[in-house]
file protein_19.pdb (PDB, C-alpha atoms and all ligand atoms)
ATOM      1  CA  MET A1309      71.812  70.007  19.880
ATOM      2  CA  LYS A1310      71.249  66.973  22.039
ATOM      3  CA  SER A1311      72.137  64.283  19.546
ATOM      4  CA  ALA A1312      71.691  61.494  22.108
ATOM      5  CA  VAL A1313      67.993  62.178  22.320
ATOM      6  CA  HIS A1314      67.460  62.928  18.644
ATOM      7  CA  ARG A1315      64.629  60.837  17.510
ATOM      8  CA  CYS A1316      62.274  61.597  14.735
ATOM      9  CA  ARG A1317      58.694  60.672  14.366
ATOM     10  CA  ASP A1318      56.472  60.883  11.369
ATOM     11  CA  VAL A1319      53.717  63.432  11.607
ATOM     12  CA  GLU A1320      51.575  63.159   8.496
ATOM     13  CA  HIS A1321      51.100  66.536   6.961
ATOM     14  CA  GLY A1322      47.786  67.659   5.545
ATOM     15  CA  ARG A1323      45.453  65.356   7.384
ATOM     16  CA  GLY A1324      46.860  66.575  10.660
ATOM     17  CA  GLN A1325      47.321  63.033  11.903
ATOM     18  CA  ALA A1326      50.336  61.930  13.886
ATOM     19  CA  ALA A1327      51.379  58.358  13.289
ATOM     20  CA  SER A1328      51.679  57.245  16.877
ATOM     21  CA  GLY A1329      54.970  55.710  17.859
ATOM     22  CA  ALA A1330      56.061  55.008  14.266
ATOM     23  CA  GLU A1331      59.701  55.955  14.448
ATOM     24  CA  THR A1332      61.192  56.488  11.037
ATOM     25  CA  GLY A1333      64.864  56.683  11.736
ATOM     26  CA  THR A1334      65.830  56.471   8.073
ATOM     27  CA  SER A1335      63.930  59.606   7.080
ATOM     28  CA  CYS A1336      65.694  61.837   9.620
ATOM     29  CA  LEU A1337      66.650  65.180   8.115
ATOM     30  CA  GLN A1338      70.152  66.553   8.165
ATOM     31  CA  VAL A1339      70.590  69.293  10.752
ATOM     32  CA  GLU A1340      71.023  71.935   8.051
ATOM     33  CA  GLN A1341      67.806  70.772   6.331
ATOM     34  CA  ARG A1342      65.729  71.382   9.440
ATOM     35  CA  ILE A1343      63.469  74.395   9.363
ATOM     36  CA  PRO A1344      62.591  75.533  12.883
ATOM     37  CA  ILE A1345      59.047  76.692  13.560
ATOM     38  CA  SER A1346      58.765  80.394  12.920
ATOM     39  CA  LYS A1347      58.417  82.404  16.091
ATOM     40  CA  ASP A1348      55.182  83.841  14.680
ATOM     41  CA  VAL A1349      53.473  80.444  14.610
ATOM     42  CA  ILE A1350      53.395  80.046  18.381
ATOM     43  CA  THR A1351      52.090  83.079  20.177
ATOM     44  CA  ALA A1352      52.684  84.156  23.748
ATOM     45  CA  SER A1353      50.448  82.536  26.299
ATOM     46  CA  THR A1354      49.436  85.070  28.868
ATOM     47  CA  ALA A1355      48.225  88.007  26.830
ATOM     48  CA  SER A1356      46.195  89.509  29.649
ATOM     49  CA  ALA A1357      47.266  87.679  32.808
ATOM     50  CA  MET A1358      49.402  89.466  35.391
ATOM     51  CA  TRP A1359      53.044  88.472  35.102
ATOM     52  CA  PHE A1360      55.293  88.415  38.161
ATOM     53  CA  ILE A1361      58.340  86.223  38.836
ATOM     54  CA  ARG A1362      58.498  84.868  42.389
ATOM     55  CA  ASP A1363      62.287  84.955  42.717
ATOM     56  CA  VAL A1364      63.634  86.189  46.082
ATOM     57  CA  CYS A1365      66.900  87.543  44.611
ATOM     58  CA  GLY A1366      65.010  89.377  41.845
ATOM     59  CA  ILE A1367      62.431  90.846  44.250
ATOM     60  CA  VAL A1368      65.224  92.087  46.586
ATOM     61  CA  CYS A1369      67.110  93.645  43.614
ATOM     62  CA  ALA A1370      63.895  95.304  42.346
ATOM     63  CA  ILE A1371      63.201  96.768  45.819
ATOM     64  CA  ILE A1372      66.838  98.035  46.031
ATOM     65  CA  THR A1373      66.351  99.727  42.628
ATOM     66  CA  TRP A1374      63.279 101.576  43.934
ATOM     67  CA  LEU A1375      65.029 102.530  47.196
ATOM     68  CA  LEU A1376      68.020 103.954  45.263
ATOM     69  CA  VAL A1377      65.714 106.088  43.103
ATOM     70  CA  LEU A1378      63.830 107.240  46.226
ATOM     71  CA  TYR A1379      67.151 108.120  47.934
ATOM     72  CA  ALA A1380      68.151 110.270  44.938
ATOM     73  CA  GLU A1381      64.695 111.844  45.019
ATOM     74  CA  PHE A1382      65.119 112.668  48.739
ATOM     75  CA  VAL A1383      68.576 114.258  48.354
ATOM     76  CA  VAL A1384      67.601 116.230  45.252
ATOM     77  CA  LEU A1385      64.452 117.600  46.882
ATOM     78  CA  PHE A1386      65.373 118.100  50.533
ATOM     79  CA  VAL A1387      69.107 118.797  50.347
ATOM     80  CA  MET A1388      69.425 120.679  47.083
ATOM     81  CA  LEU A1389      66.196 122.152  45.702
ATOM     82  CA  LEU A1390      63.983 123.108  48.665
ATOM     83  CA  PRO A1391      66.706 125.071  50.577
ATOM     84  CA  SER A1392      67.719 126.856  47.356
ATOM     85  CA  LYS A1393      66.996 130.584  47.230
ATOM     86  CA  ASN A1394      66.441 130.533  43.479
ATOM     87  CA  LEU A1395      62.792 129.504  43.036
ATOM     88  CA  THR A1396      62.908 129.260  39.221
ATOM     89  CA  TYR A1397      65.962 126.974  39.409
ATOM     90  CA  SER A1398      64.183 124.759  41.966
ATOM     91  CA  ILE A1399      60.908 124.553  40.029
ATOM     92  CA  ILE A1400      62.526 123.768  36.650
ATOM     93  CA  ASN A1401      64.950 121.180  38.017
ATOM     94  CA  GLY A1402      62.385 119.711  40.427
ATOM     95  CA  THR A1403      59.832 119.212  37.645
ATOM     96  CA  LEU A1404      62.394 117.727  35.263
ATOM     97  CA  PHE A1405      63.927 115.374  37.827
ATOM     98  CA  ASN A1406      60.570 114.183  39.179
ATOM     99  CA  THR A1407      59.144 113.591  35.704
ATOM    100  CA  LEU A1408      62.193 111.538  34.658
ATOM    101  CA  ALA A1409      62.180 109.602  37.957
ATOM    102  CA  PHE A1410      58.464 108.861  37.573
ATOM    103  CA  LEU A1411      59.013 107.611  33.986
ATOM    104  CA  ALA A1412      61.967 105.482  35.164
ATOM    105  CA  LEU A1413      59.894 103.809  37.885
ATOM    106  CA  ALA A1414      56.909 103.359  35.545
ATOM    107  CA  SER A1415      59.217 101.719  32.953
ATOM    108  CA  HIS A1416      60.613  99.501  35.705
ATOM    109  CA  LEU A1417      57.115  98.356  36.681
ATOM    110  CA  ARG A1418      56.152  97.709  33.062
ATOM    111  CA  ALA A1419      59.385  95.762  32.414
ATOM    112  CA  MET A1420      58.809  93.707  35.580
ATOM    113  CA  CYS A1421      55.096  92.988  35.165
ATOM    114  CA  THR A1422      54.917  92.423  31.386
ATOM    115  CA  ASP A1423      55.068  88.898  30.008
ATOM    116  CA  PRO A1424      58.409  89.001  28.145
ATOM    117  CA  GLY A1425      57.057  86.589  25.527
ATOM    118  CA  ALA A1426      56.641  83.285  27.326
ATOM    119  CA  VAL A1427      55.780  80.286  25.203
ATOM    120  CA  PRO A1428      52.669  78.424  26.493
ATOM    121  CA  LYS A1429      53.802  75.904  29.097
ATOM    122  CA  GLY A1430      53.209  72.209  28.410
ATOM    123  CA  ASN A1431      51.920  72.657  24.849
ATOM    124  CA  ALA A1432      54.217  69.958  23.442
ATOM    125  CA  THR A1433      51.288  67.629  22.858
ATOM    126  CA  LYS A1434      50.420  65.573  19.786
ATOM    127  CA  GLU A1435      47.132  67.449  19.384
ATOM    128  CA  TYR A1436      48.827  70.834  19.428
ATOM    129  CA  ILE A1437      51.541  69.860  16.940
ATOM    130  CA  GLU A1438      48.848  68.564  14.573
ATOM    131  CA  SER A1439      46.974  71.843  14.847
ATOM    132  CA  LEU A1440      50.067  73.747  13.654
ATOM    133  CA  GLN A1441      49.779  72.059  10.184
ATOM    134  CA  LEU A1442      53.509  72.075   9.596
ATOM    135  CA  LYS A1443      55.147  71.853   6.195
ATOM    136  CA  PRO A1444      57.635  69.155   5.084
ATOM    137  CA  GLY A1445      61.147  69.837   6.358
ATOM    138  CA  GLN A1446      59.924  71.670   9.431
ATOM    139  CA  VAL A1447      61.019  70.491  12.800
ATOM    140  CA  VAL A1448      59.450  70.769  16.240
ATOM    141  CA  TYR A1449      61.789  71.274  19.202
ATOM    142  CA  LYS A1450      60.399  70.437  22.624
ATOM    143  CA  CYS A1451      61.884  72.118  25.678
ATOM    144  CA  PRO A1452      62.586  69.247  28.092
ATOM    145  CA  LYS A1453      62.348  71.627  31.069
ATOM    146  CA  CYS A1454      58.976  73.305  30.569
ATOM    147  CA  CYS A1455      57.549  70.834  28.005
ATOM    148  CA  SER A1456      56.679  73.557  25.540
ATOM    149  CA  ILE A1457      57.276  73.726  21.821
ATOM    150  CA  LYS A1458      60.179  76.074  21.251
ATOM    151  CA  PRO A1459      59.625  78.439  18.345
ATOM    152  CA  ASP A1460      62.649  79.795  16.524
ATOM    153  CA  ARG A1461      64.775  82.183  18.657
ATOM    154  CA  ALA A1462      63.149  81.165  21.969
ATOM    155  CA  HIS A1463      65.325  80.189  24.944
ATOM    156  CA  HIS A1464      64.550  78.603  28.276
ATOM    157  CA  CYS A1465      65.108  80.772  31.353
ATOM    158  CA  SER A1466      65.888  78.843  34.500
ATOM    159  CA  VAL A1467      64.690  81.683  36.757
ATOM    160  CA  CYS A1468      61.358  82.271  35.008
ATOM    161  CA  LYS A1469      61.108  78.488  34.378
ATOM    162  CA  ARG A1470      59.679  79.246  30.947
ATOM    163  CA  CYS A1471      60.786  79.443  27.346
ATOM    164  CA  ILE A1472      60.946  83.116  26.342
ATOM    165  CA  ARG A1473      60.652  84.361  22.767
ATOM    166  CA  LYS A1474      63.702  86.390  21.663
ATOM    167  CA  MET A1475      65.093  86.218  25.205
ATOM    168  CA  ASP A1476      67.956  88.673  25.613
ATOM    169  CA  HIS A1477      68.881  87.993  29.238
ATOM    170  CA  HIS A1478      67.311  87.609  32.672
ATOM    171  CA  CYS A1479      67.710  90.872  34.563
ATOM    172  CA  PRO A1480      67.455  90.614  38.365
ATOM    173  CA  TRP A1481      67.135  94.434  38.619
ATOM    174  CA  VAL A1482      63.749  94.255  36.896
ATOM    175  CA  ASN A1483      63.106  90.735  38.248
ATOM    176  CA  ASN A1484      62.180  89.501  34.782
ATOM    177  CA  CYS A1485      63.522  88.271  31.498
ATOM    178  CA  VAL A1486      64.107  90.832  28.794
ATOM    179  CA  GLY A1487      62.368  89.420  25.746
ATOM    180  CA  GLU A1488      60.314  90.267  22.713
ATOM    181  CA  ASN A1489      57.385  91.850  24.574
ATOM    182  CA  ASN A1490      59.110  93.940  27.265
ATOM    183  CA  GLN A1491      62.387  95.013  25.665
ATOM    184  CA  LYS A1492      60.968  98.483  24.990
ATOM    185  CA  TYR A1493      60.200  99.009  28.696
ATOM    186  CA  PHE A1494      63.662  97.771  29.669
ATOM    187  CA  VAL A1495      65.326 100.141  27.173
ATOM    188  CA  LEU A1496      63.222 103.025  28.535
ATOM    189  CA  PHE A1497      64.114 102.053  32.111
ATOM    190  CA  THR A1498      67.864 102.164  31.359
ATOM    191  CA  MET A1499      67.444 105.430  29.429
ATOM    192  CA  TYR A1500      65.505 107.231  32.181
ATOM    193  CA  ILE A1501      67.848 105.970  34.931
ATOM    194  CA  ALA A1502      70.837 107.238  32.895
ATOM    195  CA  LEU A1503      69.097 110.609  32.432
ATOM    196  CA  ILE A1504      68.203 111.100  36.124
ATOM    197  CA  SER A1505      71.742 110.036  37.100
ATOM    198  CA  LEU A1506      73.218 112.650  34.750
ATOM    199  CA  HIS A1507      70.768 115.302  35.954
ATOM    200  CA  ALA A1508      71.502 114.531  39.627
ATOM    201  CA  LEU A1509      75.275 114.741  38.967
ATOM    202  CA  VAL A1510      74.936 118.146  37.277
ATOM    203  CA  MET A1511      72.816 119.417  40.183
ATOM    204  CA  VAL A1512      75.337 118.113  42.760
ATOM    205  CA  VAL A1513      78.157 120.002  40.978
ATOM    206  CA  PHE A1514      76.091 123.225  40.923
ATOM    207  CA  HIS A1515      75.150 122.771  44.574
ATOM    208  CA  PHE A1516      78.770 122.322  45.657
ATOM    209  CA  LEU A1517      79.746 125.478  43.749
ATOM    210  CA  TYR A1518      76.838 127.363  45.318
ATOM    211  CA  CYS A1519      77.766 126.150  48.840
ATOM    212  CA  PHE A1520      81.441 127.071  48.407
ATOM    213  CA  GLU A1521      80.506 130.593  47.344
ATOM    214  CA  ASP A1522      77.772 130.985  49.933
ATOM    215  CA  ASP A1523      77.648 130.187  53.607
ATOM    216  CA  TRP A1524      77.720 126.362  54.136
ATOM    217  CA  THR A1525      75.247 126.603  57.002
ATOM    218  CA  LYS A1526      72.663 128.273  54.744
ATOM    219  CA  CYS A1527      72.959 126.117  51.631
ATOM    220  CA  SER A1528      71.146 123.126  53.132
ATOM    221  CA  SER A1529      68.672 122.453  55.906
ATOM    222  CA  PHE A1530      71.012 119.682  57.124
ATOM    223  CA  SER A1531      74.320 120.217  58.967
ATOM    224  CA  PRO A1532      77.364 120.758  56.684
ATOM    225  CA  PRO A1533      78.873 117.266  57.379
ATOM    226  CA  ALA A1534      75.504 115.549  56.748
ATOM    227  CA  THR A1535      75.025 117.574  53.559
ATOM    228  CA  VAL A1536      78.470 116.592  52.260
ATOM    229  CA  ILE A1537      77.930 112.901  53.038
ATOM    230  CA  LEU A1538      74.455 112.862  51.399
ATOM    231  CA  LEU A1539      75.801 114.650  48.308
ATOM    232  CA  ILE A1540      78.865 112.413  47.978
ATOM    233  CA  LEU A1541      76.692 109.296  48.264
ATOM    234  CA  LEU A1542      74.376 110.672  45.571
ATOM    235  CA  CYS A1543      77.408 111.501  43.432
ATOM    236  CA  PHE A1544      78.703 107.945  43.790
ATOM    237  CA  GLU A1545      75.278 106.448  43.045
ATOM    238  CA  GLY A1546      74.744 108.747  40.062
ATOM    239  CA  LEU A1547      78.136 108.005  38.539
ATOM    240  CA  LEU A1548      77.785 104.237  39.000
ATOM    241  CA  PHE A1549      74.296 104.090  37.514
ATOM    242  CA  LEU A1550      75.085 106.537  34.711
ATOM    243  CA  ILE A1551      77.882 104.255  33.489
ATOM    244  CA  PHE A1552      75.975 101.001  34.046
ATOM    245  CA  THR A1553      72.671 102.075  32.461
ATOM    246  CA  SER A1554      74.315 103.950  29.544
ATOM    247  CA  VAL A1555      76.249 100.824  28.598
ATOM    248  CA  MET A1556      73.087  98.721  28.994
ATOM    249  CA  PHE A1557      71.056 101.182  26.910
ATOM    250  CA  GLY A1558      73.681 101.151  24.145
ATOM    251  CA  THR A1559      73.888  97.354  24.171
ATOM    252  CA  GLN A1560      70.103  96.987  23.986
ATOM    253  CA  VAL A1561      69.687  99.458  21.108
ATOM    254  CA  HIS A1562      72.542  97.694  19.294
ATOM    255  CA  SER A1563      70.801  94.334  19.885
ATOM    256  CA  ILE A1564      67.541  95.654  18.441
ATOM    257  CA  CYS A1565      69.286  97.312  15.479
ATOM    258  CA  THR A1566      71.274  94.214  14.554
ATOM    259  CA  ASP A1567      68.250  91.947  15.220
ATOM    260  CA  GLU A1568      70.341  89.740  17.470
ATOM    261  CA  THR A1569      69.704  89.052  21.161
ATOM    262  CA  GLY A1570      72.384  88.855  23.867
ATOM    263  CA  ILE A1571      71.950  85.074  24.158
ATOM    264  CA  GLU A1572      72.205  84.565  20.388
ATOM    265  CA  ARG A1573      75.453  86.556  20.357
ATOM    266  CA  LEU A1574      76.816  84.527  23.289
ATOM    267  CA  LYS A1575      75.868  81.191  21.735
ATOM    268  CA  GLY A1576      77.043  82.213  18.277
ATOM    269  CA  GLU A1577      73.575  81.554  16.829
ATOM    270  CA  THR A1578      73.820  84.541  14.521
ATOM    271  CA  GLY A1579      72.607  84.597  10.968
ATOM    272  CA  LYS A1580      70.240  81.632  11.237
ATOM    273  CA  TRP A1581      67.221  83.777  10.513
ATOM    274  CA  GLY A1582      66.365  86.476   8.007
ATOM    275  CA  LYS A1583      67.471  89.655   9.737
ATOM    276  CA  VAL A1584      65.265  92.704   9.410
ATOM    277  CA  PRO A1585      66.749  96.155   8.714
ATOM    278  CA  CYS A1586      67.646  98.342  11.701
ATOM    279  CA  TRP A1587      64.815 100.850  11.414
ATOM    280  CA  GLU A1588      62.190  98.125  10.896
ATOM    281  CA  ALA A1589      63.512  96.239  13.935
ATOM    282  CA  MET A1590      63.325  99.429  16.019
ATOM    283  CA  GLN A1591      59.709  99.979  14.939
ATOM    284  CA  THR A1592      58.812  96.406  15.847
ATOM    285  CA  ALA A1593      60.491  96.653  19.260
ATOM    286  CA  PHE A1594      58.945 100.024  20.094
ATOM    287  CA  GLY A1595      55.477  99.212  18.767
ATOM    288  CA  GLY A1596      54.989 101.220  15.575
ATOM    289  CA  PRO A1597      56.290 104.139  13.519
ATOM    290  CA  PHE A1598      58.448 106.721  15.285
ATOM    291  CA  SER A1599      56.428 108.955  17.593
ATOM    292  CA  LEU A1600      56.462 110.269  21.154
ATOM    293  CA  SER A1601      54.899 106.980  22.290
ATOM    294  CA  TRP A1602      58.344 105.380  21.817
ATOM    295  CA  CYS A1603      59.386 107.214  24.996
ATOM    296  CA  SER A1604      56.244 106.320  26.923
ATOM    297  CA  PRO A1605      56.188 103.288  29.207
ATOM    298  CA  PHE A1606      52.368 103.507  29.129
ATOM    299  CA  SER A1607      51.836 102.877  25.401
ATOM    300  CA  GLU A1608      51.016  99.299  24.486
ATOM    301  CA  LEU A1609      52.859  97.309  21.864
ATOM    302  CA  SER A1610      49.702  96.986  19.769
ATOM    303  CA  CYS A1611      51.422  95.195  16.887
ATOM    304  CA  ARG A1612      52.244  92.292  19.189
ATOM    305  CA  LYS A1613      48.776  90.729  19.238
ATOM    306  CA  GLY A1614      49.138  87.463  17.351
ATOM    307  CA  PRO A1615      46.433  85.160  16.060
ATOM    308  CA  ALA A1616      44.273  84.240  19.029
ATOM    309  CA  ASP A1617      43.525  80.674  17.957
ATOM    310  CA  HIS A1618      46.849  79.349  19.277
ATOM    311  CA  ILE A1619      46.320  80.841  22.727
ATOM    312  CA  SER A1620      44.496  77.891  24.191
ATOM    313  CA  ILE A1621      44.979  75.641  27.172
ATOM    314  CA  PRO A1622      47.184  72.739  26.072
ATOM    315  CA  GLN A1623      45.357  69.415  25.971
ATOM    316  CA  GLY A1624      46.571  65.862  25.669
ATOM    317  CA  GLU A1625      49.712  64.089  26.738
ATOM    318  CA  ILE A1626      53.185  65.627  26.449
ATOM    319  CA  ILE A1627      55.211  64.010  23.661
ATOM    320  CA  LYS A1628      58.268  61.993  24.706
ATOM    321  CA  GLU A1629      60.569  63.058  21.865
ATOM    322  CA  ASP A1630      62.623  66.247  22.058
ATOM    323  CA  ILE A1631      62.664  66.683  18.282
ATOM    324  CA  ILE A1632      59.964  65.835  15.761
ATOM    325  CA  GLU A1633      60.645  66.214  12.061
ATOM    326  CA  ILE A1634      58.229  66.497   9.188
ATOM    327  CA  PRO A1635      59.796  64.428   6.357
ATOM    328  CA  LEU A1636      60.642  66.210   3.129
ATOM    329  CA  ALA A1637      58.657  63.865   0.879
TER     330      ALA A1637
HETATM  331 ZN    ZN B1701      61.532  75.821  28.362
HETATM  332 ZN    ZN B1702      63.908  84.855  33.127
END
call {"tool": "encode", "arguments": {"input": "protein_19.pdb", "output": "structure tokens", "more": "lines below"}}
Ligand SMILES: [Zn+2]
Ligand SMILES: [Zn+2]
result
Amino acid sequence: MKSAVHRCRDVEHGRGQAASGAETGTSCLQVEQRIPISKDVITASTASAMWFIRDVCGIVCAIITWLLVLYAEFVVLFVMLLPSKNLTYSIINGTLFNTLAFLALASHLRAMCTDPGAVPKGNATKEYIESLQLKPGQVVYKCPKCCSIKPDRAHHCSVCKRCIRKMDHHCPWVNNCVGENNQKYFVLFTMYIALISLHALVMVVFHFLYCFEDDWTKCSSFSPPATVILLILLCFEGLLFLIFTSVMFGTQVHSICTDETGIERLKGETGKWGKVPCWEAMQTAFGGPFSLSWCSPFSELSCRKGPADHISIPQGEIIKEDIIEIPLA
């Protein structure tokens, strides 16, 4: 709360008319009386537009992520599976590993290029607030950085330079915020990376056993020292990412289940909204009742389409106040 800039202005309810400049300091609501705008009132802005954050650090991290997956792919295929004498073993493991790696990269792309739930930029105008037809006791919070009206549970991200609905955190590895609209893809990304890491580790163990029993020169098309170095690097990468993504996956599922984002937990903003039960929250995050589509990065979150009438280009001048209250009576 920025009490220094707290000013309230009377917006007449019903007629949708804002009394310009009439500051009514005496009718200011107590903080606990303020009802923030429901997050469902203001919809995301770029429903169809391509979303990509131009952040050098994020782009570099995203490219590193792809290179690490491609390195694992190379070692698994050319060091372990292709030189193997057991064709069935190679086909089964090759298919499984490639499918999981493909799903991991697809989830990464979806998490990176999906609007995480950005609030329309610069919509903090008098005309827009009037169009919301707010009820007495409701309060409008303007984000001073992106000049948008912050719905409940939205936070400003300094990297994306936007207010993001139900923002969990900004992840440089997917070069995007994790928010209401792309959390599913982020969860899938962490899950598939954890699975390919585990699979690669199991295959490395089997390959070492196979090489120790067999002739080292025949167990790989590379020289024995090169084989060992490539396998140890893969082992290190697999172990690191298995731990990191498993923890991330667990944290994200816990966040969805408890209906509480990482930022809300950090800021201690818990319990300010009506929490939905775990299973209902999971269905909302994954886009519908439980089905195989929960595991698909290609299925759309169809339930996310809000009323289209609020997705319009903001018009008018940005309001000066950071907080506007609708008086109780
Ligand atoms: Zn903002
Ligand atoms: Zn962000």
call {"tool": "residues_near_ligand", "arguments": {"input": "protein_19.pdb", "ligand": "ligand ZN 1702 (chain B)", "cutoff": "9 Å", "atoms": "all atoms listed in the file", "output": "number ranges by chain"}}
result
A: 1361, 1424, 1464-1472, 1475, 1477-1480, 1483-1487
call {"tool": "closest_atom_pairs", "arguments": {"input": "protein_19.pdb", "of": "stretch 1519-1566 of chain A", "to": "stretch 1374-1397 of chain A", "cutoff": "12 Å", "atoms": "all atoms listed in the file", "output": "Markdown table"}}
result
| residue | atom | partner | partner_atom | distance |
| --- | --- | --- | --- | --- |
| A:Cys1519 | CA | A:Met1388 | CA | 10.1 |
| A:Asp1522 | CA | A:Lys1393 | CA | 11.1 |
| A:Trp1524 | CA | A:Pro1391 | CA | 11.6 |
| A:Thr1525 | CA | A:Pro1391 | CA | 10.8 |
| A:Lys1526 | CA | A:Pro1391 | CA | 7.9 |
| A:Cys1527 | CA | A:Pro1391 | CA | 6.4 |
| A:Ser1528 | CA | A:Pro1391 | CA | 5.5 |
| A:Ser1529 | CA | A:Pro1391 | CA | 6.3 |
| A:Phe1530 | CA | A:Val1387 | CA | 7.1 |
| A:Ser1531 | CA | A:Val1387 | CA | 10.2 |
| A:Pro1532 | CA | A:Val1387 | CA | 10.6 |
| A:Ala1534 | CA | A:Val1387 | CA | 9.6 |
| A:Thr1535 | CA | A:Val1387 | CA | 6.8 |
| A:Val1536 | CA | A:Val1387 | CA | 9.8 |
| A:Ile1537 | CA | A:Val1383 | CA | 10.5 |
| A:Leu1538 | CA | A:Val1383 | CA | 6.8 |
| A:Leu1539 | CA | A:Val1383 | CA | 7.2 |
| A:Ile1540 | CA | A:Val1383 | CA | 10.5 |
| A:Leu1541 | CA | A:Ala1380 | CA | 9.2 |
| A:Leu1542 | CA | A:Ala1380 | CA | 6.3 |
| A:Cys1543 | CA | A:Ala1380 | CA | 9.5 |
| A:Phe1544 | CA | A:Ala1380 | CA | 10.9 |
| A:Glu1545 | CA | A:Leu1376 | CA | 8.0 |
| A:Gly1546 | CA | A:Ala1380 | CA | 8.3 |
| A:Leu1548 | CA | A:Leu1376 | CA | 11.6 |
| A:Phe1549 | CA | A:Leu1376 | CA | 10.0 |
call {"tool": "write_last_selection", "arguments": {"input": "protein_19.pdb", "atoms": "C-alpha atoms", "output": "PDB file, in the frame of the given file"}}
result
ATOM      1  CA  CYS A1519      77.766 126.150  48.840  1.00  0.00           C
ATOM      2  CA  ASP A1522      77.772 130.985  49.933  1.00  0.00           C
ATOM      3  CA  TRP A1524      77.720 126.362  54.136  1.00  0.00           C
ATOM      4  CA  THR A1525      75.247 126.603  57.002  1.00  0.00           C
ATOM      5  CA  LYS A1526      72.663 128.273  54.744  1.00  0.00           C
ATOM      6  CA  CYS A1527      72.959 126.117  51.631  1.00  0.00           C
ATOM      7  CA  SER A1528      71.146 123.126  53.132  1.00  0.00           C
ATOM      8  CA  SER A1529      68.672 122.453  55.906  1.00  0.00           C
ATOM      9  CA  PHE A1530      71.012 119.682  57.124  1.00  0.00           C
ATOM     10  CA  SER A1531      74.320 120.217  58.967  1.00  0.00           C
ATOM     11  CA  PRO A1532      77.364 120.758  56.684  1.00  0.00           C
ATOM     12  CA  ALA A1534      75.504 115.549  56.748  1.00  0.00           C
ATOM     13  CA  THR A1535      75.025 117.574  53.559  1.00  0.00           C
ATOM     14  CA  VAL A1536      78.470 116.592  52.260  1.00  0.00           C
ATOM     15  CA  ILE A1537      77.930 112.901  53.038  1.00  0.00           C
ATOM     16  CA  LEU A1538      74.455 112.862  51.399  1.00  0.00           C
ATOM     17  CA  LEU A1539      75.801 114.650  48.308  1.00  0.00           C
ATOM     18  CA  ILE A1540      78.865 112.413  47.978  1.00  0.00           C
ATOM     19  CA  LEU A1541      76.692 109.296  48.264  1.00  0.00           C
ATOM     20  CA  LEU A1542      74.376 110.672  45.571  1.00  0.00           C
ATOM     21  CA  CYS A1543      77.408 111.501  43.432  1.00  0.00           C
ATOM     22  CA  PHE A1544      78.703 107.945  43.790  1.00  0.00           C
ATOM     23  CA  GLU A1545      75.278 106.448  43.045  1.00  0.00           C
ATOM     24  CA  GLY A1546      74.744 108.747  40.062  1.00  0.00           C
ATOM     25  CA  LEU A1548      77.785 104.237  39.000  1.00  0.00           C
ATOM     26  CA  PHE A1549      74.296 104.090  37.514  1.00  0.00           C
TER      27      PHE A1549
END
call {"tool": "atom_distance", "arguments": {"input": "protein_19.pdb", "atom1": "atom CA of A:Met1420", "atom2": "atom CA of A:Lys1450"}}
result
26.7 Å
call {"tool": "closest_residue", "arguments": {"input": "protein_19.pdb", "among": "A:His1463, A:Thr1433, A:Cys1369, A:Thr1422", "to": "ligand ZN 1701 (chain B)", "atoms": "only C-alpha atoms and all ligand atoms"}}
result
A:His1463
call {"tool": "residues_around", "arguments": {"input": "protein_19.pdb", "residues": "A:Ile1627", "least_positions_apart": "2", "cutoff": "9 Å", "atoms": "all atoms listed in the file", "output": "list in words"}}
result
Ala1432, Thr1433, Lys1434, Lys1450, Cys1455, Glu1625, Glu1629 and Asp1630 of chain A
call {"tool": "resolve_selection", "arguments": {"input": "protein_19.pdb", "expression": "the PyMOL selection byres (((chain A and resi 1560) around 10) and not hetatm)", "output": "number ranges by chain"}}
result
A: 1476, 1486, 1491-1492, 1494-1495, 1498, 1554-1559, 1561-1566, 1568-1570
call {"tool": "build_atoms", "arguments": {"input": "protein_19.pdb", "residues": "stretch 1357-1364 of chain A", "atoms": "N, CA and C atoms", "output": "compact mmCIF listing (two decimals), in the frame of the given file"}}
result
# COMPACT_ATOMS: atom_id res chain seq x y z
N ALA A 1357 47.01 88.03 31.41
CA ALA A 1357 47.27 87.68 32.81
C ALA A 1357 48.41 88.50 33.39
N MET A 1358 48.34 88.73 34.69
CA MET A 1358 49.40 89.47 35.39
C MET A 1358 50.65 88.60 35.43
N TRP A 1359 51.78 89.21 35.16
CA TRP A 1359 53.04 88.47 35.10
C TRP A 1359 53.94 88.95 36.24
N PHE A 1360 54.36 88.04 37.10
CA PHE A 1360 55.29 88.42 38.16
C PHE A 1360 56.13 87.19 38.54
N ILE A 1361 57.45 87.35 38.54
CA ILE A 1361 58.34 86.22 38.84
C ILE A 1361 58.60 86.17 40.34
N ARG A 1362 58.28 85.01 40.93
CA ARG A 1362 58.50 84.87 42.39
C ARG A 1362 59.92 84.37 42.63
N ASP A 1363 60.88 85.29 42.51
CA ASP A 1363 62.29 84.96 42.72
C ASP A 1363 62.81 85.92 43.79
N VAL A 1364 63.24 85.36 44.92
CA VAL A 1364 63.63 86.19 46.08
C VAL A 1364 64.73 87.18 45.70
